[in-house]
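So this one's query_27.txt, compact mmCIF, C-alpha atoms:
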# COMPACT_ATOMS: atom_id res chain seq x y z
CA MET A 68 9.07 0.96 -21.81
CA ILE A 69 9.49 3.56 -19.03
CA LYS A 70 12.99 4.45 -20.20
CA TYR A 71 11.83 4.91 -23.81
CA ILE A 72 9.00 7.22 -22.71
CA CYS A 73 11.38 9.30 -20.59
CA LYS A 74 13.76 9.55 -23.54
CA PHE A 75 10.93 10.58 -25.87
CA ILE A 76 9.72 13.29 -23.47
CA LYS A 77 13.24 14.61 -22.95
CA ASN A 78 13.94 14.80 -26.68
CA ILE A 79 10.67 16.50 -27.59
CA THR A 80 10.58 18.99 -24.68
CA CYS A 81 14.32 19.63 -24.08
CA PHE A 82 14.00 19.47 -20.29
CA ASP A 83 17.27 18.94 -18.40
CA ARG A 84 15.88 16.03 -16.39
CA VAL A 85 13.01 13.62 -17.02
CA TYR A 86 12.12 10.96 -14.45
CA TYR A 87 9.53 8.34 -13.59
CA CYS A 88 8.40 8.35 -9.94
CA GLU A 89 6.30 5.40 -8.75
CA PHE A 90 4.31 5.61 -5.51
CA GLN A 91 4.77 2.77 -3.04
CA GLU A 92 2.11 1.28 -0.78
CA ASP A 93 3.34 3.51 2.08
CA GLU A 94 2.69 6.55 -0.20
CA THR A 95 6.41 7.36 -0.60
CA GLY A 96 7.76 7.95 -4.08
CA PHE A 97 10.54 5.95 -5.74
CA ILE A 98 12.42 7.03 -8.88
CA ARG A 99 12.64 3.99 -11.16
CA CYS A 100 14.03 5.82 -14.17
CA CYS A 101 15.83 9.14 -14.66
CA LEU A 102 17.50 10.72 -17.69
CA ASN A 103 19.44 13.94 -17.13
CA ASN A 104 22.14 16.17 -18.56
CA SER A 105 24.97 17.91 -16.75
CA ASN A 106 22.73 20.74 -15.50
CA LEU A 107 20.94 18.57 -12.94
CA ASN A 108 21.86 15.52 -10.88
CA SER A 109 20.27 12.12 -11.40
CA LEU A 110 17.44 11.11 -9.07
CA LEU A 111 17.63 7.43 -9.99
CA ASN A 112 16.78 5.06 -7.09
CA HIS A 113 16.00 7.96 -4.77
CA HIS A 114 12.99 7.97 -2.45
CA PHE A 115 10.70 10.92 -1.72
CA PRO A 116 8.67 11.13 1.52
CA ALA A 117 4.88 10.94 1.34
CA SER A 118 4.63 14.47 2.74
CA ASP A 119 6.03 15.82 -0.56
CA LEU A 120 2.74 14.97 -2.26
CA PRO A 121 -0.23 15.00 0.16
CA ASN A 122 -3.49 13.28 -0.80
CA SER A 123 -5.13 16.62 -1.62
CA VAL A 124 -2.41 17.28 -4.22
CA LYS A 125 -2.62 13.72 -5.54
CA ASN A 126 -6.33 14.24 -6.17
CA LEU A 127 -5.46 17.29 -8.28
CA TYR A 128 -3.01 15.21 -10.30
CA LYS A 129 -5.81 12.69 -10.93
CA LYS A 130 -8.14 15.41 -12.21
CA ASN A 131 -5.51 17.31 -14.20
CA ARG A 132 -3.37 14.68 -15.86
CA TYR A 133 -0.63 17.02 -17.11
CA ARG A 134 0.78 20.44 -16.28
CA LEU A 135 3.59 22.79 -17.26
CA ILE A 136 5.22 25.39 -15.03
CA SER A 137 7.24 27.39 -17.56
CA ASP A 138 8.98 29.69 -15.10
CA ILE A 139 8.55 29.91 -11.35
CA GLN A 140 9.69 33.54 -11.55
CA ASN A 141 6.70 34.57 -13.67
CA ASN A 142 4.28 36.94 -11.96
CA ASN A 143 0.68 35.86 -11.45
CA ILE A 144 -1.94 37.90 -13.33
CA GLU A 145 -4.89 38.93 -11.19
CA ILE A 146 -8.42 38.46 -12.57
CA PHE A 147 -10.73 41.44 -12.05
CA GLY A 148 -14.49 41.89 -12.28
CA LEU A 149 -15.58 38.66 -10.55
CA ASN A 150 -18.58 38.55 -8.23
CA LYS A 151 -17.27 35.42 -6.56
CA PRO A 152 -13.98 33.49 -6.47
CA LEU A 153 -13.25 31.57 -9.67
CA ASP A 154 -12.56 27.84 -9.33
CA LEU A 155 -9.45 27.19 -11.43
CA THR A 156 -8.95 23.60 -10.30
CA GLN A 157 -9.35 22.34 -13.86
CA SER A 158 -7.42 25.19 -15.44
CA PHE A 159 -4.09 24.56 -17.13
CA TYR A 160 -3.08 28.14 -16.30
CA ARG A 161 -4.00 28.17 -12.62
CA LYS A 162 -1.81 29.86 -10.04
CA ILE A 163 1.24 28.00 -8.77
CA GLY A 164 1.11 27.42 -5.03
CA SER A 165 3.75 29.24 -2.99
CA THR A 166 4.84 25.96 -1.36
CA HIS A 167 5.38 24.35 -4.76
CA ILE A 168 7.39 27.37 -5.96
CA LYS A 169 9.63 27.14 -2.90
CA TYR A 170 9.94 23.37 -3.40
CA LEU A 171 11.20 23.81 -6.97
CA HIS A 172 13.45 26.70 -5.93
CA ASN A 173 15.08 24.53 -3.25
CA MET A 174 15.64 21.85 -5.89
CA GLN A 175 17.42 24.52 -7.99
CA VAL A 176 14.77 24.10 -10.68
CA ARG A 177 13.12 26.96 -12.59
CA SER A 178 10.63 25.07 -14.78
CA SER A 179 8.84 21.75 -14.51
CA ALA A 180 6.19 19.55 -16.10
CA SER A 181 4.30 16.48 -14.93
CA PHE A 182 2.19 13.73 -16.48
CA SER A 183 0.01 11.53 -14.28
CA VAL A 184 -0.09 7.75 -14.49
CA VAL A 185 -3.48 6.73 -13.09
CA VAL A 186 -4.07 3.01 -12.49
CA ASN A 187 -7.33 1.64 -11.08
CA ASN A 188 -8.46 5.20 -10.35
CA LYS A 189 -5.39 5.84 -8.19
CA LEU A 190 -2.34 7.99 -8.84
CA PHE A 191 0.19 5.25 -9.46
CA ALA A 192 3.15 7.27 -10.75
CA LEU A 193 4.31 10.51 -12.34
CA PHE A 194 6.50 11.29 -15.31
CA GLY A 195 8.22 14.51 -14.23
CA CYS A 196 10.44 17.08 -15.92
CA HIS A 197 12.86 19.69 -14.53
CA SER A 198 15.02 22.40 -16.04
CA VAL A 199 17.28 25.10 -14.61
CA LEU A 200 16.00 27.57 -17.23
CA PRO A 201 12.45 28.48 -18.35
CA ASN A 202 10.75 25.97 -20.64
CA TYR A 203 7.92 26.97 -22.97
CA THR A 204 6.94 23.67 -24.55
CA GLU A 205 3.76 24.21 -26.58
CA LYS A 206 0.51 22.97 -25.09
CA VAL A 207 -0.24 20.92 -28.22
CA VAL A 208 2.98 18.97 -27.63
CA LEU A 209 2.09 18.40 -23.99
CA ALA A 210 -1.35 17.14 -25.04
CA LYS A 211 0.23 14.57 -27.36
CA ILE A 212 2.55 13.39 -24.58
CA HIS A 213 -0.52 13.11 -22.36
CA ILE A 214 -2.17 10.78 -24.90
CA LEU A 215 0.95 8.60 -24.87
CA ILE A 216 0.94 8.47 -21.06
CA GLU A 217 -2.76 7.57 -21.02
CA LEU A 218 -2.11 4.64 -23.37
CA PHE A 219 0.82 3.57 -21.22
CA SER A 220 -1.34 3.80 -18.07
CA LYS A 221 -4.05 1.60 -19.58
CA ARG A 222 -1.51 -1.03 -20.68
CA LEU A 223 0.13 -0.91 -17.26
CA GLU A 224 -3.24 -1.29 -15.50
CA ASP A 225 -4.12 -4.34 -17.58
CA ASN A 226 -0.73 -5.96 -16.95
CA LEU A 227 -0.77 -5.28 -13.21
CA ASN A 228 -4.33 -6.56 -12.80
CA GLN A 229 -3.55 -9.71 -14.77
CA LYS A 230 -0.37 -10.33 -12.80
CA PHE A 231 -2.22 -9.80 -9.51
CA LYS A 232 -4.97 -12.25 -10.48
CA MET A 233 -2.45 -14.87 -11.63
CA ASN A 234 -0.46 -14.60 -8.40
CA ILE A 235 -3.61 -14.94 -6.33
CA TYR A 236 -4.80 -17.89 -8.42
CA LYS A 237 -1.49 -19.78 -8.14
CA LYS A 238 -0.99 -19.19 -4.43
CA ASN A 239 -4.63 -19.81 -3.59
CA ILE A 240 -4.14 -23.40 -4.80
CA TYR A 241 -1.84 -24.00 -1.83
CA ILE A 242 -4.32 -22.41 0.55
CA GLN A 243 -7.09 -24.68 -0.72
CA LYS A 244 -4.78 -27.66 -0.34
CA PHE A 245 -4.09 -26.70 3.28
CA ILE A 246 -7.83 -26.27 3.96
CA SER A 247 -8.50 -29.70 2.46
CA ILE A 248 -5.94 -31.27 4.80
CA TYR A 249 -7.41 -29.31 7.69
CA GLN A 250 -10.84 -30.77 6.95
CA ASP A 251 -9.39 -34.27 6.59
CA GLN A 252 -7.88 -33.89 10.06
CA ASN A 253 -11.30 -33.24 11.62
CA LYS A 254 -10.70 -29.50 11.51
CA ASN A 255 -7.97 -29.77 14.12
CA LEU A 256 -4.85 -27.71 13.42
CA ASN A 257 -2.85 -29.74 15.91
CA ASN A 258 -3.21 -32.82 13.70
CA ILE A 259 -1.77 -31.20 10.57
CA PRO A 260 1.76 -32.40 9.67
CA LYS A 261 4.61 -29.88 9.81
CA GLU A 262 5.31 -30.10 6.07
CA ASN A 263 1.81 -28.79 5.36
CA PHE A 264 2.39 -25.82 7.65
CA ASP A 265 5.64 -25.22 5.79
CA LEU A 266 3.69 -25.14 2.53
CA LEU A 267 1.39 -22.45 3.88
CA LYS A 268 4.34 -20.59 5.40
CA ASN A 269 6.12 -20.47 2.05
CA THR A 270 2.97 -19.25 0.31
CA PHE A 271 3.16 -16.10 2.45
CA GLN A 272 6.96 -15.87 2.19
CA ALA A 273 7.17 -16.19 5.95
CA ASN A 274 9.84 -17.85 8.09
CA HIS A 275 7.48 -18.97 10.88
CA ILE A 276 3.81 -19.87 11.23
CA PHE A 277 2.07 -20.76 14.48
CA PHE A 278 -1.47 -20.64 15.81
CA ARG A 279 -3.66 -20.35 18.87
CA SER A 280 -6.69 -22.63 19.06
CA ASN A 281 -9.10 -22.43 21.99
CA LYS A 282 -6.49 -20.42 23.92
CA LYS A 283 -3.79 -23.07 23.36
CA TRP A 284 -0.72 -22.37 21.24
CA GLY A 285 0.31 -24.78 18.50
CA ASN A 286 3.23 -25.30 16.08
CA ASP A 287 5.09 -22.90 18.34
CA HIS A 288 8.12 -24.90 19.46
CA GLU A 289 10.44 -22.24 17.98
CA ILE A 290 8.47 -19.28 19.37
CA PRO A 291 9.52 -17.99 22.83
CA THR A 292 6.81 -17.53 25.44
CA GLU A 293 7.80 -13.89 25.90
CA PHE A 294 7.21 -13.23 22.21
CA LYS A 295 3.74 -14.80 22.34
CA ASN A 296 2.86 -12.78 25.43
CA LEU A 297 3.93 -9.58 23.69
CA ILE A 298 1.55 -10.39 20.83
CA LEU A 299 -1.35 -10.97 23.24
CA SER A 300 -0.50 -7.74 25.06
CA PHE A 301 -0.54 -5.88 21.73
CA LEU A 302 -3.94 -7.36 20.82
CA LYS A 303 -5.47 -6.35 24.15
CA ASN A 304 -4.51 -2.73 23.47
CA TYR A 305 -5.35 -2.85 19.76
CA LYS A 306 -8.28 -0.50 19.20
CA ASP A 307 -9.01 -1.12 15.52
CA LYS A 308 -11.60 -3.74 14.58
CA GLU A 309 -9.64 -5.37 11.76
CA ASN A 310 -9.41 -9.13 11.95
CA ILE A 311 -6.41 -9.20 9.60
CA ILE A 312 -3.43 -7.25 10.91
CA LEU A 313 -0.28 -6.59 8.87
CA ILE A 314 2.74 -5.11 10.62
CA ASN A 315 6.06 -4.53 8.88
CA SER A 316 7.90 -3.51 12.05
CA LEU A 317 6.88 -5.07 15.36
CA ALA A 318 9.47 -2.88 17.05
CA SER A 319 7.44 0.17 16.01
CA ILE A 320 4.54 -0.93 18.23
CA ASN A 321 6.67 -2.14 21.13
CA GLU A 322 10.44 -1.81 21.52
CA GLU A 323 10.48 -5.13 23.38
CA PHE A 324 10.15 -6.82 19.97
CA ARG A 325 13.60 -5.53 18.98
CA LYS A 326 15.37 -8.36 20.75
CA PHE A 327 13.58 -10.86 18.48
CA ALA A 328 14.04 -9.02 15.17
CA LYS A 329 17.45 -10.44 14.25
CA GLU A 330 16.94 -14.15 14.87
CA LEU A 331 13.17 -14.69 15.02
CA ALA A 332 11.05 -12.10 13.20
CA ALA A 333 10.63 -8.39 12.57
CA GLY A 334 7.16 -8.35 10.96
CA MET A 335 3.84 -10.13 11.45
CA LEU A 336 0.65 -11.01 9.60
CA LEU A 337 -2.06 -12.01 12.07
CA LEU A 338 -5.53 -13.49 11.54
CA LYS A 339 -7.88 -12.94 14.49
CA PHE A 340 -11.04 -15.05 14.61
CA ASP A 341 -12.66 -13.79 17.82
CA LYS A 342 -12.64 -10.87 20.23
CA ASN A 343 -10.93 -12.83 22.99
CA PHE A 344 -7.88 -13.79 20.89
CA SER A 345 -8.60 -17.45 21.58
CA ASN A 346 -8.10 -18.40 17.93
CA LEU A 347 -5.27 -16.90 15.91
CA ILE A 348 -3.06 -17.76 12.95
CA ILE A 349 0.23 -15.85 12.85
CA PHE A 350 2.84 -15.55 10.10
CA LEU A 351 6.25 -14.04 10.85
CA ARG A 352 8.81 -12.53 8.50
CA PRO A 353 12.51 -12.03 9.20
CA GLU A 354 14.29 -8.71 9.34
CA SER A 355 15.22 -7.22 5.98
CA LEU A 356 17.99 -4.65 6.36
CA GLN A 357 17.58 -1.77 3.94
CA GLN A 358 19.71 1.18 2.88
CA ILE A 359 17.29 3.83 1.60
CA ARG A 360 18.53 6.68 -0.56
CA TRP A 361 16.36 9.72 0.12
CA CYS A 362 16.24 12.94 -1.87
CA GLY A 363 16.98 15.11 1.15
CA ASN A 364 16.44 14.24 4.79
CA PRO A 365 12.76 13.17 5.09
CA ASN A 366 12.84 14.06 8.80
CA ASP A 367 13.77 17.66 8.07
CA LEU A 368 10.22 18.98 8.47
CA ASP A 369 9.39 22.65 8.89
CA LEU A 370 5.81 23.24 10.03
CA GLN A 371 4.26 26.59 9.12
CA THR A 372 1.87 28.48 11.39
CA ASP A 373 -1.07 27.41 9.18
CA GLY A 374 -0.19 23.73 9.64
CA LEU A 375 1.37 23.24 6.19
CA LEU A 376 4.89 21.91 5.67
CA ASN A 377 7.66 24.04 4.28
CA PRO A 378 9.78 22.20 1.70
CA ARG A 379 13.11 21.00 3.09
CA ASN A 380 16.03 23.26 2.22
CA SER A 381 18.29 20.54 0.87
CA PHE A 382 17.59 17.79 -1.64
CA GLN A 383 21.06 16.31 -1.44
CA THR A 384 21.18 12.51 -1.22
CA TRP A 385 20.57 11.37 2.36
CA TYR A 386 21.03 7.75 3.41
CA GLU A 387 18.95 5.92 5.99
CA SER A 388 19.62 2.46 7.38
CA VAL A 389 16.35 0.72 8.22
CA GLU A 390 16.46 -1.98 10.89
CA TYR A 391 13.82 -4.03 12.71
CA SER A 392 11.58 -4.22 9.65
CA CYS A 393 10.64 -7.09 7.36
CA LYS A 394 10.00 -7.15 3.65
CA ALA A 395 6.74 -5.23 3.45
CA TRP A 396 3.48 -7.18 3.27
CA ASP A 397 1.70 -6.22 0.04
CA ASN A 398 -1.79 -6.36 -1.47
CA ILE A 399 -1.26 -9.95 -2.62
CA ASP A 400 -0.48 -10.99 0.96
CA LEU A 401 -3.59 -9.17 2.16
CA LYS A 402 -5.83 -10.83 -0.44
CA LEU A 403 -4.43 -14.28 0.37
CA ALA A 404 -4.91 -13.60 4.08
CA GLN A 405 -8.54 -12.66 3.41
CA ASN A 406 -9.06 -15.91 1.51
CA LEU A 407 -7.53 -17.93 4.33
CA TYR A 408 -9.48 -16.03 6.96
CA TYR A 409 -12.88 -16.71 5.41
CA GLU A 410 -11.99 -20.35 4.86
CA PHE A 411 -11.36 -20.74 8.57
CA LEU A 412 -14.36 -18.78 9.83
CA PRO A 413 -16.93 -21.06 11.45
CA LYS A 414 -19.51 -22.09 8.85
CA PHE A 415 -22.40 -21.10 11.06
CA TYR A 416 -21.14 -17.56 11.27
CA LEU A 417 -20.86 -17.29 7.51
CA TYR A 418 -24.33 -18.63 6.79
CA GLU A 419 -25.92 -16.47 9.43
CA LYS A 420 -24.10 -13.42 8.11
CA ASN A 421 -25.33 -14.07 4.56
CA ILE A 422 -28.93 -14.49 5.71
CA LYS A 423 -28.76 -11.17 7.55
CA LYS A 424 -28.06 -9.47 4.23
CA TYR A 425 -31.48 -10.48 2.93
CA LEU A 426 -33.73 -10.60 5.97
CA SER A 427 -34.90 -7.71 8.14
CA MET A 428 -34.09 -7.77 11.84
CA ASN A 429 -37.76 -8.35 12.75
CA THR A 430 -37.99 -11.30 10.37
CA LEU A 431 -34.73 -12.71 11.74
CA LYS A 432 -35.99 -12.41 15.33
CA PHE A 433 -39.22 -14.14 14.36
CA LEU A 434 -37.37 -17.01 12.69
CA ARG A 435 -35.10 -17.39 15.71
CA LYS A 436 -38.08 -17.44 18.05
CA LYS A 437 -39.80 -20.13 16.00
CA ASN A 438 -36.54 -22.06 15.65
CA TYR A 439 -36.88 -21.84 11.86
CA ILE A 440 -33.48 -20.22 11.51
CA ASN A 441 -31.72 -23.37 12.67
CA ASN A 442 -33.55 -25.41 10.02
CA ILE A 443 -32.54 -22.95 7.32
CA LEU A 444 -28.92 -22.97 8.43
CA SER A 445 -28.86 -26.73 8.60
CA PHE A 446 -30.19 -26.89 5.08
CA LEU A 447 -27.55 -24.46 3.78
CA LYS A 448 -24.75 -26.41 5.44
CA LYS A 449 -25.57 -29.53 3.46

How would this structure read if it were set down as structure tokens?
Amino acid sequence: MIKYICKFIKNITCFDRVYYCEFQEDETGFIRCCLNNSNLNSLLNHHFPASDLPNSVKNLYKKNRYRLISDIQNNNIEIFGLNKPLDLTQSFYRKIGSTHIKYLHNMQVRSSASFSVVVNNKLFALFGCHSVLPNYTEKVVLAKIHILIELFSKRLEDNLNQKFKMNIYKKNIYIQKFISIYQDQNKNLNNIPKENFDLLKNTFQANHIFFRSNKKWGNDHEIPTEFKNLILSFLKNYKDKENIILINSLASINEEFRKFAKELAAGMLLLKFDKNFSNLIIFLRPESLQQIRWCGNPNDLDLQTDGLLNPRNSFQTWYESVEYSCKAWDNIDLKLAQNLYYEFLPKFYLYEKNIKKYLSMNTLKFLRKKNYINNILSFLKK
């Protein structure tokens, strides 16, 4: 579908290059499709750093779903007679930012167009167009392309949401099975057979799973003591309050983890059930070596005096070998981890938390003082 849309846009607008750039969970862009003629190189399978499209610019792309820059060499026309500055955020003919002009110039592009793909109220991707010469595609044509992209975005949103729900539903069956076994074993993780841990491990596409219960490690016969101590040291210095922690590169938080990346694990998903780290469930993922093809060196940053970034001078293909990282944890992993986390939370905590949503603090104190709260909780546990 993406390729057909790119082909349609290219044929109807006569741009030299039409591409589809999808934004990853780390905010970088990835070119999944690119059609071009001899005037411009292909961008297929190239990555773009997140700094190329800051969140402030992404918000503009959400508000204004399509735009044409006919010629970056055109002069801006000043508006006279205003008592106050005119907000042209929603204007199709607003001024082109100097940074964007320089960006296109460095890409050896003179005209461009873009069409936003918004999914679940988030900028999911862009259909983009480039030409080495001016392009004056009529606005009525751009509007019709916009309608096509909007229909595509809605279909894509429905498909992605359905796929996400189905994945969660299927994998959650294995989580519920593990919880059932956990309850059958008197809620003691040490009593659960290895094959059941393997089932949970495979659900998260991990290569190791181990736990810490009442400050004692379990299912950890393949996990070195030094590795476990590094995790505890990390948690002691971890300032965020999240109880579910996803890390794609352990080496990025402590270089001591590098020695374990090749044979043990490079990434971690951790469930923390208390402030003292007495109870943990940890999934590990192996290293996944990657060769990333960037459109220019993403580290070639030029900071202006006003804090903005100058576009890099070269957009020639630049290769980066990524080590000490695992296959990235995604939103499905996070949702499954949340399900598992709340299944393992002590029941008392859950019931008390729910009651707090409906009762004022004074009422809750009164009930505690009269010992009524325990009766209510006991009733809810049944």

Could you check how far atom CA of Glu224 of chain A sits from atom CA of Tyr409 of chain A, in Å to one decimal? 27.7 Å

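Distance annotation: of A:Asp307, A:Asp251, A:Glu387, A:Asp400, the residue with the minimal separation from Met335 of chain A is A:Asp400; atom set is only C-alpha atoms.
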
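Candidate residues A:Met68, A:Leu302, A:Leu200, A:Leu337 were compared for distance to Phe271 of chain A, and the nearest is A:Leu337, using all atoms listed in the file.
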
Would you write out, as a tab-separated table, a table of all residues in segment 97-128 of chain A that have an atom no more than 12 Å from an atom of segment 379-385 of chain A, listing for each the closest atom pair and the distance in Å to one decimal, considering all atoms listed in the file and ordering rows by chain and rising residue number?
residue	atom	partner	partner_atom	distance
A:Leu107	CA	A:Gln383	CA	11.7
A:Asn108	CA	A:Gln383	CA	9.5
A:Ser109	CA	A:Thr384	CA	10.2
A:Leu110	CA	A:Thr384	CA	8.8
A:Leu111	CA	A:Thr384	CA	10.7
A:Asn112	CA	A:Thr384	CA	10.5
A:His113	CA	A:Thr384	CA	7.8
A:His114	CA	A:Thr384	CA	9.4
A:Phe115	CA	A:Phe382	CA	9.7
A:Pro116	CA	A:Arg379	CA	10.9
A:Ser118	CA	A:Arg379	CA	10.7
A:Asp119	CA	A:Arg379	CA	9.5

Tell me which of A:Arg177, A:Leu135, A:Ser183, A:Tyr249 sits closest to Glu205 of chain A, counting all atoms listed in the file. A:Leu135

Provide the atom CA of Ser316 of chain A to atom CA of Ala333 of chain A distance in Å, to one decimal place. 5.6 Å

All residues 12 Å or closer to Asn126 of chain A, all atoms listed in the file, same chain fewer than 3 positions away omitted, as a PyMOL selection string: chain A and resi 120-123+129-132+156-157+183+185+188-191

Take the residues from that selection and write them out as a PDB file, in the coordinates of the input, keeping C-alpha atoms.
ATOM      1  CA  LEU A 120       2.740  14.970  -2.260  1.00  0.00           C
ATOM      2  CA  PRO A 121      -0.230  15.000   0.160  1.00  0.00           C
ATOM      3  CA  ASN A 122      -3.490  13.280  -0.800  1.00  0.00           C
ATOM      4  CA  SER A 123      -5.130  16.620  -1.620  1.00  0.00           C
ATOM      5  CA  LYS A 129      -5.810  12.690 -10.930  1.00  0.00           C
ATOM      6  CA  LYS A 130      -8.140  15.410 -12.210  1.00  0.00           C
ATOM      7  CA  ASN A 131      -5.510  17.310 -14.200  1.00  0.00           C
ATOM      8  CA  ARG A 132      -3.370  14.680 -15.860  1.00  0.00           C
ATOM      9  CA  THR A 156      -8.950  23.600 -10.300  1.00  0.00           C
ATOM     10  CA  GLN A 157      -9.350  22.340 -13.860  1.00  0.00           C
ATOM     11  CA  SER A 183       0.010  11.530 -14.280  1.00  0.00           C
ATOM     12  CA  VAL A 185      -3.480   6.730 -13.090  1.00  0.00           C
ATOM     13  CA  ASN A 188      -8.460   5.200 -10.350  1.00  0.00           C
ATOM     14  CA  LYS A 189      -5.390   5.840  -8.190  1.00  0.00           C
ATOM     15  CA  LEU A 190      -2.340   7.990  -8.840  1.00  0.00           C
ATOM     16  CA  PHE A 191       0.190   5.250  -9.460  1.00  0.00           C
TER      17      PHE A 191
END

I'd like the contact shell of Tyr236 of chain A - 12 Å cut-off, all atoms listed in the file, skipping same-chain residues fewer than 6 positions apart - returned as a compact mmCIF listing (two decimals) with C-alpha atoms, keeping the file's coordinate frame.
# COMPACT_ATOMS: atom_id res chain seq x y z
CA GLN A 229 -3.55 -9.71 -14.77
CA LYS A 230 -0.37 -10.33 -12.80
CA ILE A 242 -4.32 -22.41 0.55
CA GLN A 243 -7.09 -24.68 -0.72
CA THR A 270 2.97 -19.25 0.31
CA ILE A 399 -1.26 -9.95 -2.62
CA LYS A 402 -5.83 -10.83 -0.44
CA LEU A 403 -4.43 -14.28 0.37
CA ASN A 406 -9.06 -15.91 1.51

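Selecting by distance to (-8.2, 34.4, -11.0) with a limit of 12 Å and using all atoms listed in the file, one obtains A:Asn143, A:Ile144, A:Glu145, A:Ile146, A:Phe147, A:Gly148, A:Leu149, A:Asn150, A:Lys151, A:Pro152, A:Leu153, A:Asp154, A:Leu155, A:Thr156, A:Ser158, A:Tyr160, A:Arg161, A:Lys162, A:Ile163.
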
Output C-alpha atoms for every residue in that selection, as a short mmCIF file (atom, residue, chain, number, x, y, z; two decimals), in the frame of the given file.
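This went into again06.cif:
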data_model
loop_
_atom_site.label_atom_id
_atom_site.label_comp_id
_atom_site.auth_asym_id
_atom_site.auth_seq_id
_atom_site.Cartn_x
_atom_site.Cartn_y
_atom_site.Cartn_z
CA ASN A 143 0.68 35.86 -11.45
CA ILE A 144 -1.94 37.90 -13.33
CA GLU A 145 -4.89 38.93 -11.19
CA ILE A 146 -8.42 38.46 -12.57
CA PHE A 147 -10.73 41.44 -12.05
CA GLY A 148 -14.49 41.89 -12.28
CA LEU A 149 -15.58 38.66 -10.55
CA ASN A 150 -18.58 38.55 -8.23
CA LYS A 151 -17.27 35.42 -6.56
CA PRO A 152 -13.98 33.49 -6.47
CA LEU A 153 -13.25 31.57 -9.67
CA ASP A 154 -12.56 27.84 -9.33
CA LEU A 155 -9.45 27.19 -11.43
CA THR A 156 -8.95 23.60 -10.30
CA SER A 158 -7.42 25.19 -15.44
CA TYR A 160 -3.08 28.14 -16.30
CA ARG A 161 -4.00 28.17 -12.62
CA LYS A 162 -1.81 29.86 -10.04
CA ILE A 163 1.24 28.00 -8.77
#

I want to know what sits within 12 Å of Ser355 of chain A, based on only C-alpha atoms, with residues of the same chain fewer than 6 positions away left out; could you give that as a VMD selection string? chain A and resid 315 to 316 328 to 334 388 to 395

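Residue nearest Phe245 of chain A, chosen from A:Phe327, A:Asn343, A:Phe411, A:Glu92 and counting only C-alpha atoms: A:Phe411.
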
What is the distance, in Å and to one decimal place, between atom CA of Ser137 of chain A and atom CA of Ser178 of chain A? 5.0 Å
